[in-house]
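Participant: Data: protein_26.pdb, PDB, C-alpha atoms, pLDDT in the B column.
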```pdb
ATOM      1  CA  MET A1347     -16.113 -12.608   6.985  1.00 89.00           C
ATOM      2  CA  LYS A1348     -12.544 -11.755   6.033  1.00 93.00           C
ATOM      3  CA  ARG A1349     -11.896  -8.142   5.225  1.00 96.00           C
ATOM      4  CA  TYR A1350      -9.500  -7.467   2.349  1.00 97.00           C
ATOM      5  CA  LEU A1351      -8.008  -4.130   1.391  1.00 98.00           C
ATOM      6  CA  PHE A1352      -6.469  -3.646  -2.041  1.00 98.00           C
ATOM      7  CA  ILE A1353      -4.210  -0.602  -2.382  1.00 97.00           C
ATOM      8  CA  ILE A1354      -3.612   0.865  -5.832  1.00 97.00           C
ATOM      9  CA  SER A1355      -0.644   3.240  -6.005  1.00 95.00           C
ATOM     10  CA  ARG A1356       0.077   3.488  -9.734  1.00 93.00           C
ATOM     11  CA  SER A1357      -1.627   5.403 -12.524  1.00 92.00           C
ATOM     12  CA  PRO A1358      -3.378   3.382 -15.262  1.00 94.00           C
ATOM     13  CA  TYR A1359      -2.119   2.331 -18.741  1.00 93.00           C
ATOM     14  CA  ALA A1360       1.656   2.637 -18.170  1.00 89.00           C
ATOM     15  CA  SER A1361       1.535  -0.609 -16.193  1.00 91.00           C
ATOM     16  CA  SER A1362      -1.020  -3.327 -15.525  1.00 92.00           C
ATOM     17  CA  HIS A1363      -0.822  -2.754 -11.740  1.00 94.00           C
ATOM     18  CA  ALA A1364      -4.259  -1.141 -11.322  1.00 95.00           C
ATOM     19  CA  LEU A1365      -6.048  -3.569 -13.618  1.00 95.00           C
ATOM     20  CA  GLU A1366      -4.491  -6.590 -11.930  1.00 95.00           C
ATOM     21  CA  GLN A1367      -5.345  -5.281  -8.465  1.00 97.00           C
ATOM     22  CA  LEU A1368      -8.960  -4.680  -9.504  1.00 97.00           C
ATOM     23  CA  GLU A1369      -9.219  -8.146 -11.037  1.00 96.00           C
ATOM     24  CA  ALA A1370      -7.884  -9.654  -7.821  1.00 96.00           C
ATOM     25  CA  ALA A1371     -10.377  -7.572  -5.801  1.00 97.00           C
ATOM     26  CA  MET A1372     -13.266  -8.887  -7.891  1.00 96.00           C
ATOM     27  CA  VAL A1373     -12.095 -12.468  -7.434  1.00 96.00           C
ATOM     28  CA  ALA A1374     -11.863 -11.940  -3.657  1.00 95.00           C
ATOM     29  CA  ALA A1375     -15.412 -10.552  -3.613  1.00 96.00           C
ATOM     30  CA  VAL A1376     -16.699 -13.562  -5.568  1.00 94.00           C
ATOM     31  CA  PHE A1377     -15.342 -15.720  -2.740  1.00 93.00           C
ATOM     32  CA  GLU A1378     -17.504 -13.749  -0.305  1.00 87.00           C
ATOM     33  CA  ALA A1379     -14.819 -11.629   1.255  1.00 91.00           C
ATOM     34  CA  SER A1380     -15.567  -8.071   2.266  1.00 96.00           C
ATOM     35  CA  VAL A1381     -13.462  -6.034  -0.149  1.00 97.00           C
ATOM     36  CA  ALA A1382     -12.315  -2.418  -0.056  1.00 98.00           C
ATOM     37  CA  VAL A1383     -10.083  -0.622  -2.561  1.00 98.00           C
ATOM     38  CA  LEU A1384      -7.901   2.374  -1.696  1.00 98.00           C
ATOM     39  CA  PHE A1385      -6.430   4.581  -4.408  1.00 98.00           C
ATOM     40  CA  ARG A1386      -3.408   6.485  -3.148  1.00 97.00           C
ATOM     41  CA  ASP A1387      -0.757   8.749  -4.671  1.00 95.00           C
ATOM     42  CA  GLU A1388      -0.554   8.344  -8.493  1.00 93.00           C
ATOM     43  CA  GLY A1389      -3.207   5.652  -8.185  1.00 95.00           C
ATOM     44  CA  ALA A1390      -5.821   8.403  -7.872  1.00 96.00           C
ATOM     45  CA  TRP A1391      -5.447   8.966 -11.642  1.00 94.00           C
ATOM     46  CA  ASN A1392      -7.385   5.748 -12.186  1.00 96.00           C
ATOM     47  CA  LEU A1393     -10.518   7.671 -11.170  1.00 96.00           C
ATOM     48  CA  GLN A1394     -10.052  10.500 -13.682  1.00 95.00           C
ATOM     49  CA  GLN A1395     -13.074  11.252 -15.868  1.00 94.00           C
ATOM     50  CA  ASP A1396     -13.203  11.014 -19.708  1.00 92.00           C
ATOM     51  CA  GLN A1397     -10.684   8.174 -20.073  1.00 94.00           C
ATOM     52  CA  THR A1398     -10.575   6.500 -23.487  1.00 92.00           C
ATOM     53  CA  GLY A1399      -8.101   3.630 -23.303  1.00 92.00           C
ATOM     54  CA  GLY A1400      -8.981   2.693 -26.902  1.00 91.00           C
ATOM     55  CA  SER A1401      -6.784   5.552 -28.088  1.00 90.00           C
ATOM     56  CA  ILE A1402      -3.744   3.479 -27.100  1.00 91.00           C
ATOM     57  CA  GLY A1403      -5.318   0.079 -27.726  1.00 91.00           C
ATOM     58  CA  GLN A1404      -6.114  -0.648 -24.077  1.00 91.00           C
ATOM     59  CA  LYS A1405      -9.239  -1.256 -22.005  1.00 90.00           C
ATOM     60  CA  THR A1406     -10.741   1.908 -20.519  1.00 93.00           C
ATOM     61  CA  LEU A1407     -10.118   1.555 -16.807  1.00 93.00           C
ATOM     62  CA  THR A1408     -13.272   3.434 -15.868  1.00 94.00           C
ATOM     63  CA  LYS A1409     -15.340   0.606 -17.384  1.00 94.00           C
ATOM     64  CA  VAL A1410     -13.670  -1.857 -15.041  1.00 95.00           C
ATOM     65  CA  LEU A1411     -14.345   0.465 -12.101  1.00 96.00           C
ATOM     66  CA  ASP A1412     -17.991   0.796 -13.166  1.00 95.00           C
ATOM     67  CA  ALA A1413     -18.303  -2.995 -13.026  1.00 95.00           C
ATOM     68  CA  LEU A1414     -17.074  -3.281  -9.429  1.00 96.00           C
ATOM     69  CA  PRO A1415     -20.499  -2.896  -7.726  1.00 94.00           C
ATOM     70  CA  ALA A1416     -21.791  -5.827  -9.837  1.00 95.00           C
ATOM     71  CA  TYR A1417     -19.101  -7.927  -8.134  1.00 94.00           C
ATOM     72  CA  GLU A1418     -20.052  -6.503  -4.754  1.00 94.00           C
ATOM     73  CA  VAL A1419     -16.896  -4.418  -4.474  1.00 95.00           C
ATOM     74  CA  GLU A1420     -18.655  -1.339  -3.185  1.00 89.00           C
ATOM     75  CA  GLU A1421     -16.158   0.290  -0.846  1.00 96.00           C
ATOM     76  CA  LEU A1422     -13.938   2.582  -2.907  1.00 98.00           C
ATOM     77  CA  TYR A1423     -11.677   5.084  -1.175  1.00 98.00           C
ATOM     78  CA  VAL A1424      -9.222   7.663  -2.443  1.00 98.00           C
ATOM     79  CA  CYS A1425      -6.505   9.523  -0.559  1.00 98.00           C
ATOM     80  CA  ALA A1426      -7.840  13.073  -0.136  1.00 97.00           C
ATOM     81  CA  ASP A1427      -4.289  14.495  -0.195  1.00 96.00           C
ATOM     82  CA  ALA A1428      -3.575  12.886  -3.575  1.00 95.00           C
ATOM     83  CA  LEU A1429      -6.823  14.281  -5.006  1.00 94.00           C
ATOM     84  CA  GLY A1430      -5.832  17.784  -3.963  1.00 91.00           C
ATOM     85  CA  THR A1431      -2.198  17.540  -5.071  1.00 92.00           C
ATOM     86  CA  LEU A1432      -2.822  15.949  -8.459  1.00 92.00           C
ATOM     87  CA  GLY A1433      -6.016  17.790  -9.395  1.00 91.00           C
ATOM     88  CA  VAL A1434      -7.868  14.597 -10.314  1.00 93.00           C
ATOM     89  CA  GLN A1435     -11.431  15.087 -11.593  1.00 93.00           C
ATOM     90  CA  ILE A1436     -13.287  11.980 -10.437  1.00 96.00           C
ATOM     91  CA  ASP A1437     -15.537  10.336 -13.020  1.00 96.00           C
ATOM     92  CA  PRO A1438     -19.141  11.168 -12.026  1.00 96.00           C
ATOM     93  CA  SER A1439     -20.256   7.557 -12.591  1.00 95.00           C
ATOM     94  CA  LEU A1440     -18.099   6.415  -9.646  1.00 96.00           C
ATOM     95  CA  THR A1441     -18.943   6.412  -5.962  1.00 96.00           C
ATOM     96  CA  VAL A1442     -15.616   6.989  -4.243  1.00 97.00           C
ATOM     97  CA  LYS A1443     -15.063   8.321  -0.753  1.00 98.00           C
ATOM     98  CA  PRO A1444     -12.093  10.672  -0.208  1.00 98.00           C
ATOM     99  CA  ILE A1445     -10.443   9.884   3.139  1.00 98.00           C
ATOM    100  CA  ASN A1446      -7.585  11.509   5.043  1.00 98.00           C
ATOM    101  CA  LEU A1447      -4.427   9.813   6.326  1.00 97.00           C
ATOM    102  CA  THR A1448      -5.876   9.053   9.767  1.00 97.00           C
ATOM    103  CA  GLU A1449      -8.830   7.310   8.140  1.00 98.00           C
ATOM    104  CA  GLN A1450      -6.404   5.390   5.912  1.00 98.00           C
ATOM    105  CA  GLN A1451      -4.482   4.276   9.004  1.00 97.00           C
ATOM    106  CA  SER A1452      -7.591   2.780  10.545  1.00 97.00           C
ATOM    107  CA  LEU A1453      -8.697   1.287   7.206  1.00 98.00           C
ATOM    108  CA  ILE A1454      -5.384  -0.581   7.082  1.00 98.00           C
ATOM    109  CA  SER A1455      -5.352  -1.658  10.715  1.00 97.00           C
ATOM    110  CA  THR A1456      -8.939  -2.989  10.599  1.00 97.00           C
ATOM    111  CA  SER A1457      -8.263  -5.146   7.524  1.00 97.00           C
ATOM    112  CA  ASP A1458      -7.416  -8.849   7.806  1.00 97.00           C
ATOM    113  CA  ALA A1459      -5.217  -8.692   4.718  1.00 96.00           C
ATOM    114  CA  VAL A1460      -3.754  -5.809   2.767  1.00 97.00           C
ATOM    115  CA  ILE A1461      -2.745  -6.463  -0.839  1.00 97.00           C
ATOM    116  CA  THR A1462      -0.408  -3.966  -2.476  1.00 95.00           C
ATOM    117  CA  ALA A1463       1.154  -6.187  -5.169  1.00 85.00           C
ATOM    118  CA  GLN A1464       4.238  -5.372  -7.194  1.00 72.00           C
ATOM    119  CA  PRO A1465       3.892  -1.959  -8.789  1.00 59.00           C
TER     120      PRO A1465
ATOM    121  CA  MET B1089      -0.665  -4.542  15.333  1.00 94.00           C
ATOM    122  CA  SER B1090       0.293  -4.253  11.673  1.00 97.00           C
ATOM    123  CA  LEU B1091       3.617  -5.278  10.130  1.00 98.00           C
ATOM    124  CA  HIS B1092       4.965  -2.978   7.426  1.00 98.00           C
ATOM    125  CA  LEU B1093       7.547  -4.365   5.005  1.00 97.00           C
ATOM    126  CA  VAL B1094       9.408  -1.444   3.473  1.00 97.00           C
ATOM    127  CA  PHE B1095      11.402  -2.129   0.308  1.00 95.00           C
ATOM    128  CA  SER B1096      12.434   1.373  -0.771  1.00 94.00           C
ATOM    129  CA  ARG B1097      12.718   5.029   0.255  1.00 92.00           C
ATOM    130  CA  ALA B1098       9.569   5.943  -1.678  1.00 94.00           C
ATOM    131  CA  GLY B1099       7.851   3.050   0.054  1.00 95.00           C
ATOM    132  CA  LEU B1100       8.949   4.371   3.436  1.00 96.00           C
ATOM    133  CA  LYS B1101       7.456   7.772   2.680  1.00 95.00           C
ATOM    134  CA  ALA B1102       4.085   6.270   1.769  1.00 96.00           C
ATOM    135  CA  CYS B1103       4.226   3.932   4.759  1.00 97.00           C
ATOM    136  CA  CYS B1104       5.090   6.548   7.385  1.00 96.00           C
ATOM    137  CA  LYS B1105       1.977   8.521   6.524  1.00 96.00           C
ATOM    138  CA  ARG B1106      -0.266   5.522   6.984  1.00 97.00           C
ATOM    139  CA  GLN B1107       1.208   3.473   9.815  1.00 96.00           C
ATOM    140  CA  GLN B1108      -0.023   3.718  13.385  1.00 95.00           C
ATOM    141  CA  ALA B1109       2.018   4.133  16.567  1.00 94.00           C
ATOM    142  CA  GLY B1110       3.140   0.731  17.804  1.00 93.00           C
ATOM    143  CA  ASP B1111       3.124  -0.923  14.372  1.00 97.00           C
ATOM    144  CA  LYS B1112       6.300  -2.802  13.426  1.00 97.00           C
ATOM    145  CA  LEU B1113       8.423  -1.698  10.474  1.00 98.00           C
ATOM    146  CA  VAL B1114      10.952  -3.928   8.762  1.00 98.00           C
ATOM    147  CA  LEU B1115      13.357  -2.395   6.261  1.00 96.00           C
ATOM    148  CA  LEU B1116      14.483  -4.859   3.621  1.00 96.00           C
ATOM    149  CA  GLY B1117      16.079  -4.785   0.196  1.00 93.00           C
ATOM    150  CA  ASN B1118      16.883  -1.202  -0.788  1.00 91.00           C
ATOM    151  CA  GLY B1119      14.646  -0.121   2.075  1.00 94.00           C
ATOM    152  CA  VAL B1120      17.576  -0.603   4.480  1.00 93.00           C
ATOM    153  CA  TYR B1121      19.142   2.584   3.110  1.00 89.00           C
ATOM    154  CA  ALA B1122      16.224   4.553   4.559  1.00 93.00           C
ATOM    155  CA  TYR B1123      16.791   3.833   8.248  1.00 93.00           C
ATOM    156  CA  THR B1124      17.716   7.426   9.130  1.00 92.00           C
ATOM    157  CA  GLU B1125      14.659   8.735   7.311  1.00 93.00           C
ATOM    158  CA  ALA B1126      12.477   6.295   9.232  1.00 95.00           C
ATOM    159  CA  LEU B1127      13.851   7.596  12.541  1.00 93.00           C
ATOM    160  CA  ASP B1128      13.507  11.195  11.343  1.00 94.00           C
ATOM    161  CA  ALA B1129       9.881  10.484  10.457  1.00 94.00           C
ATOM    162  CA  GLY B1130       9.276   9.649  14.110  1.00 94.00           C
ATOM    163  CA  ILE B1131       9.288   5.838  13.959  1.00 95.00           C
ATOM    164  CA  GLN B1132      10.345   4.593  17.405  1.00 95.00           C
ATOM    165  CA  PRO B1133      13.662   2.675  17.331  1.00 95.00           C
ATOM    166  CA  ALA B1134      11.964  -0.180  19.195  1.00 95.00           C
ATOM    167  CA  ASP B1135       9.452  -0.585  16.359  1.00 96.00           C
ATOM    168  CA  LEU B1136      12.048  -0.459  13.584  1.00 97.00           C
ATOM    169  CA  CYS B1137      14.300  -3.255  12.385  1.00 96.00           C
ATOM    170  CA  LEU B1138      16.502  -4.122   9.445  1.00 96.00           C
ATOM    171  CA  LEU B1139      16.775  -7.445   7.690  1.00 96.00           C
ATOM    172  CA  ALA B1140      20.374  -8.283   8.588  1.00 94.00           C
ATOM    173  CA  PRO B1141      21.481 -10.029   5.364  1.00 93.00           C
ATOM    174  CA  ASP B1142      20.186  -7.141   3.245  1.00 93.00           C
ATOM    175  CA  ALA B1143      21.809  -4.498   5.472  1.00 92.00           C
ATOM    176  CA  GLU B1144      25.121  -6.377   5.597  1.00 90.00           C
ATOM    177  CA  ALA B1145      25.147  -6.878   1.850  1.00 89.00           C
ATOM    178  CA  ARG B1146      24.767  -3.138   1.375  1.00 86.00           C
ATOM    179  CA  GLY B1147      27.405  -2.270   3.973  1.00 87.00           C
ATOM    180  CA  ILE B1148      25.143  -0.381   6.330  1.00 85.00           C
ATOM    181  CA  SER B1149      25.255  -2.525   9.452  1.00 86.00           C
ATOM    182  CA  GLY B1150      27.640  -0.164  11.222  1.00 80.00           C
ATOM    183  CA  GLN B1151      27.471   2.820  13.565  1.00 71.00           C
ATOM    184  CA  GLY B1152      24.169   4.481  12.753  1.00 77.00           C
ATOM    185  CA  THR B1153      22.127   1.326  12.766  1.00 82.00           C
ATOM    186  CA  LEU B1154      23.586  -0.114  15.982  1.00 78.00           C
ATOM    187  CA  GLY B1155      20.627   0.956  18.073  1.00 87.00           C
ATOM    188  CA  LEU B1156      18.251  -0.878  15.760  1.00 94.00           C
ATOM    189  CA  ALA B1157      17.386  -4.546  15.753  1.00 95.00           C
ATOM    190  CA  HIS B1158      18.969  -6.523  12.932  1.00 95.00           C
ATOM    191  CA  ILE B1159      16.767  -9.532  12.337  1.00 96.00           C
ATOM    192  CA  ASP B1160      17.334 -12.761  10.425  1.00 96.00           C
ATOM    193  CA  TYR B1161      14.817 -14.561   8.212  1.00 96.00           C
ATOM    194  CA  PRO B1162      13.420 -16.848  10.975  1.00 98.00           C
ATOM    195  CA  THR B1163      12.668 -13.735  13.073  1.00 97.00           C
ATOM    196  CA  LEU B1164      10.990 -12.117  10.073  1.00 98.00           C
ATOM    197  CA  VAL B1165       8.816 -15.215   9.754  1.00 98.00           C
ATOM    198  CA  GLU B1166       7.918 -14.981  13.458  1.00 98.00           C
ATOM    199  CA  LEU B1167       6.908 -11.340  12.980  1.00 97.00           C
ATOM    200  CA  THR B1168       4.642 -12.309  10.083  1.00 97.00           C
ATOM    201  CA  GLN B1169       2.956 -14.780  12.433  1.00 97.00           C
ATOM    202  CA  GLU B1170       2.528 -12.293  15.275  1.00 96.00           C
ATOM    203  CA  CYS B1171       1.266  -9.297  13.296  1.00 97.00           C
ATOM    204  CA  SER B1172      -1.813  -8.675  11.184  1.00 96.00           C
ATOM    205  CA  PRO B1173      -2.331  -7.298   8.633  1.00 97.00           C
ATOM    206  CA  ILE B1174       1.010  -7.344   6.773  1.00 97.00           C
ATOM    207  CA  VAL B1175       1.494  -4.480   4.333  1.00 97.00           C
ATOM    208  CA  SER B1176       4.225  -4.287   1.681  1.00 96.00           C
ATOM    209  CA  TRP B1177       5.473  -0.903   0.552  1.00 96.00           C
ATOM    210  CA  ASN B1178       7.526  -1.620  -2.531  1.00 90.00           C
ATOM    211  CA  GLU B1179       7.382   1.246  -4.966  1.00 83.00           C
TER     212      GLU B1179
END
```
Show me the file's structure as structure tokens.
Facilitator:
Amino acid sequence: MKRYLFIISRSPYASSHALEQLEAAMVAAVFEASVAVLFRDEGAWNLQQDQTGGSIGQKTLTKVLDALPAYEVEELYVCADALGTLGVQIDPSLTVKPINLTEQQSLISTSDAVITAQP
Amino acid sequence: MSLHLVFSRAGLKACCKRQQAGDKLVLLGNGVYAYTEALDAGIQPADLCLLAPDAEARGISGQGTLGLAHIDYPTLVELTQECSPIVSWNE
């Protein structure tokens, strides 16, 4: 089984980067790939609790994240450094594993394909 | 062995933290400006190369980059065939 890693490096709402990456991850999982998602740098903001995208007429990103297990995207990782630096409060409904840079290195090198997309 | 395609200085910063020793790094587009920072970050000169047309276009094919490989597009294609996975760093 092919192992895909999607890296999300941008915060939500200002651009469609995160949403598009998550949609692509769900499609990959539907095609029976093993899919992991890594949130790094500003991308960690996607995990912040109490988001209400409706306030600016957008989808709440947390709802998309909540749906990931239904698509068998169950490996969610976040850069531990980014969590500490930004002060992100992870939404309690999410199961996300904070990992350090060494763990991120091996996550990347053990993937068959890494998708970063245009930010 | 992974191949890292670095398109910018910010991309280089994010890449350097997450690449492993022995991975290949190609600087392209505005990423070519960051060759000194790549060396300063401890990337081995043998693992670092610049996309020649992009470096030439930006006037940085001289002195400082002489120790580094300047590759053309066919060589870049060969690298994409040899390495896996391929990671773009384009913020």
Participant: In Å, with one decimal, what is the gap from atom CA of Pro1358 of chain A to atom CA of Thr1456 of chain A?
Facilitator: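 Separation between atom CA of Pro1358 of chain A and atom CA of Thr1456 of chain A: 27.2 Å.
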Participant: Using all atoms listed in the file, which residues sit within 8 Å of Asp1111 of chain B once same-chain residues fewer than 6 positions away are excluded, as a ChimeraX atom specification?
Facilitator: /B:1089-1092,1135
Participant: Chain B near segment 1443-1454 of chain A within 8 Å: what's each residue's closest atom pair and its distance in Å to one decimal, counting only C-alpha atoms, ordered by chain then ascending residue number, as JSON lines?
Facilitator:
```
{"residue": "B:Lys1105", "atom": "CA", "partner": "A:Leu1447", "partner_atom": "CA", "distance": 6.5}
{"residue": "B:Arg1106", "atom": "CA", "partner": "A:Gln1451", "partner_atom": "CA", "distance": 4.8}
{"residue": "B:Gln1107", "atom": "CA", "partner": "A:Gln1451", "partner_atom": "CA", "distance": 5.8}
{"residue": "B:Gln1108", "atom": "CA", "partner": "A:Gln1451", "partner_atom": "CA", "distance": 6.3}
{"residue": "B:Pro1173", "atom": "CA", "partner": "A:Ile1454", "partner_atom": "CA", "distance": 7.5}
```
Participant: So, counting only C-alpha atoms, which residue among A:Glu1421, A:Asp1412, A:Asp1387, A:Asp1396 is closest to chain B?
Facilitator: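 The shortest atom-to-atom distance to chain B comes from A:Asp1387.
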Participant: Report as a ChimeraX atom specification all protein, DNA and RNA residues lying within 12 Å of segment 1353-1355 of chain A, evaluated on all atoms listed in the file, omitting residues in the same chain fewer than 2 positions from it.
Facilitator: /A:1350-1351,1357-1358,1361-1371,1381-1393,1422-1425,1428,1450,1453-1454,1457,1459-1465 /B:1098-1099,1102-1103,1106,1175-1179
Participant: Rounded to one decimal, what separation in Å do you get between atom CA of Leu1113 of chain B and atom CA of Arg1146 of chain B?
Facilitator: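 We find that atom CA of Leu1113 of chain B and atom CA of Arg1146 of chain B lie 18.8 Å from each other.
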Participant: Within 9 Å of Gly1117 of chain B, counting only C-alpha atoms, which residues qualify if same-chain residues fewer than 5 places away don't, as a list in words?
Facilitator: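 Result of the neighbour search: Val1094, Phe1095, Ser1096, Leu1139, Asp1142, Ala1143 and Arg1146 of chain B.
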Participant: Run the PyMOL selection byres ((chain B and resi 1125) around 12) on the file and write out the hits as a list in words.
Facilitator: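 So the PyMOL selection byres ((chain B and resi 1125) around 12) ends up selecting Ser1096, Arg1097, Ala1098, Gly1099, Leu1100, Lys1101, Cys1103, Cys1104, Leu1115, Gly1119, Val1120, Tyr1121, Ala1122, Tyr1123, Thr1124, Ala1126, Leu1127, Asp1128, Ala1129, Gly1130, Ile1131, Gln1132, Pro1133, Leu1136, Gly1152 and Thr1153 of chain B.
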Participant: Residues as selected, C-alpha atoms, written as a PDB file, in the frame of the given file, can you do that?
Facilitator:
```pdb
ATOM      1  CA  SER B1096      12.434   1.373  -0.771  1.00 94.00           C
ATOM      2  CA  ARG B1097      12.718   5.029   0.255  1.00 92.00           C
ATOM      3  CA  ALA B1098       9.569   5.943  -1.678  1.00 94.00           C
ATOM      4  CA  GLY B1099       7.851   3.050   0.054  1.00 95.00           C
ATOM      5  CA  LEU B1100       8.949   4.371   3.436  1.00 96.00           C
ATOM      6  CA  LYS B1101       7.456   7.772   2.680  1.00 95.00           C
ATOM      7  CA  CYS B1103       4.226   3.932   4.759  1.00 97.00           C
ATOM      8  CA  CYS B1104       5.090   6.548   7.385  1.00 96.00           C
ATOM      9  CA  LEU B1115      13.357  -2.395   6.261  1.00 96.00           C
ATOM     10  CA  GLY B1119      14.646  -0.121   2.075  1.00 94.00           C
ATOM     11  CA  VAL B1120      17.576  -0.603   4.480  1.00 93.00           C
ATOM     12  CA  TYR B1121      19.142   2.584   3.110  1.00 89.00           C
ATOM     13  CA  ALA B1122      16.224   4.553   4.559  1.00 93.00           C
ATOM     14  CA  TYR B1123      16.791   3.833   8.248  1.00 93.00           C
ATOM     15  CA  THR B1124      17.716   7.426   9.130  1.00 92.00           C
ATOM     16  CA  ALA B1126      12.477   6.295   9.232  1.00 95.00           C
ATOM     17  CA  LEU B1127      13.851   7.596  12.541  1.00 93.00           C
ATOM     18  CA  ASP B1128      13.507  11.195  11.343  1.00 94.00           C
ATOM     19  CA  ALA B1129       9.881  10.484  10.457  1.00 94.00           C
ATOM     20  CA  GLY B1130       9.276   9.649  14.110  1.00 94.00           C
ATOM     21  CA  ILE B1131       9.288   5.838  13.959  1.00 95.00           C
ATOM     22  CA  GLN B1132      10.345   4.593  17.405  1.00 95.00           C
ATOM     23  CA  PRO B1133      13.662   2.675  17.331  1.00 95.00           C
ATOM     24  CA  LEU B1136      12.048  -0.459  13.584  1.00 97.00           C
ATOM     25  CA  GLY B1152      24.169   4.481  12.753  1.00 77.00           C
ATOM     26  CA  THR B1153      22.127   1.326  12.766  1.00 82.00           C
TER      27      THR B1153
END
```
Participant: Go through B:Asn1118, B:Pro1141, B:Leu1093, B:Gly1150 and flag the residue nearest Pro1162 of chain B, using all atoms listed in the file for the distances.
Facilitator: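 That would be B:Pro1141, the residue with the smallest distance to Pro1162 of chain B.
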Participant: Quick one: apply the PyMOL selection byres ((chain A and resi 1378) around 10) to the file and drop the selected residues here as an MDAnalysis selection string.
Facilitator: chainID A and resid 1347:1349 1372:1377 1379:1381 1417:1418
Participant: Would you mind telling me which residue in A:Gln1397, A:Asp1427, A:Leu1414, A:Val1442 lies nearest to chain B when using only C-alpha atoms?
Facilitator: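 The closest residue to chain B is A:Asp1427.
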Participant: Report, in Å with one decimal, the straight-line distance from atom CA of Cys1171 of chain B to atom CA of Ala1109 of chain B.
Facilitator: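 These two atoms are separated by 13.8 Å.
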Participant: Contacts of Gly1400 of chain A at 12 Å or less, counting only C-alpha atoms, minus same-chain residues fewer than 6 places along, as a ChimeraX atom specification?
Facilitator: /A:1359,1406-1409
Participant: Would you kindly return, as a list of chain:residue names, each protein, DNA or RNA residue with an atom no farther than 9 Å from any atom of Leu1164 of chain B, considering all atoms listed in the file and excluding same-chain residues fewer than 4 positions away?
Facilitator: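 Here the qualifying residues turn out to be B:Val1114, B:Leu1139, B:Ile1159, B:Asp1160, B:Thr1168, B:Gln1169.
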Participant: Check the smallest atom-to-atom distance from each of A:Ile1402, A:Ala1416, A:Ser1455, A:Gln1394 to chain B using only C-alpha atoms, then report the winner.
Facilitator: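 Smallest distance to chain B is found for A:Ser1455.
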Participant: Between B:Gly1155, B:Ala1140, B:Gly1110, B:Ala1145, which residue has the minimum interatomic distance to chain A, considering all atoms listed in the file?
Facilitator: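 Under the stated criterion, the closest residue is B:Gly1110.
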Participant: For segment 1447-1455 of chain A, I'd like the enclosing box, axis-aligned and padded by 5 Å on every side, reported as AutoDock Vina command-line options with centre and edge lengths in Å to one decimal.
Facilitator:
```
--center_x -6.6 --center_y 4.1 --center_z 8.3 --size_x 14.4 --size_y 21.5 --size_z 14.8
```
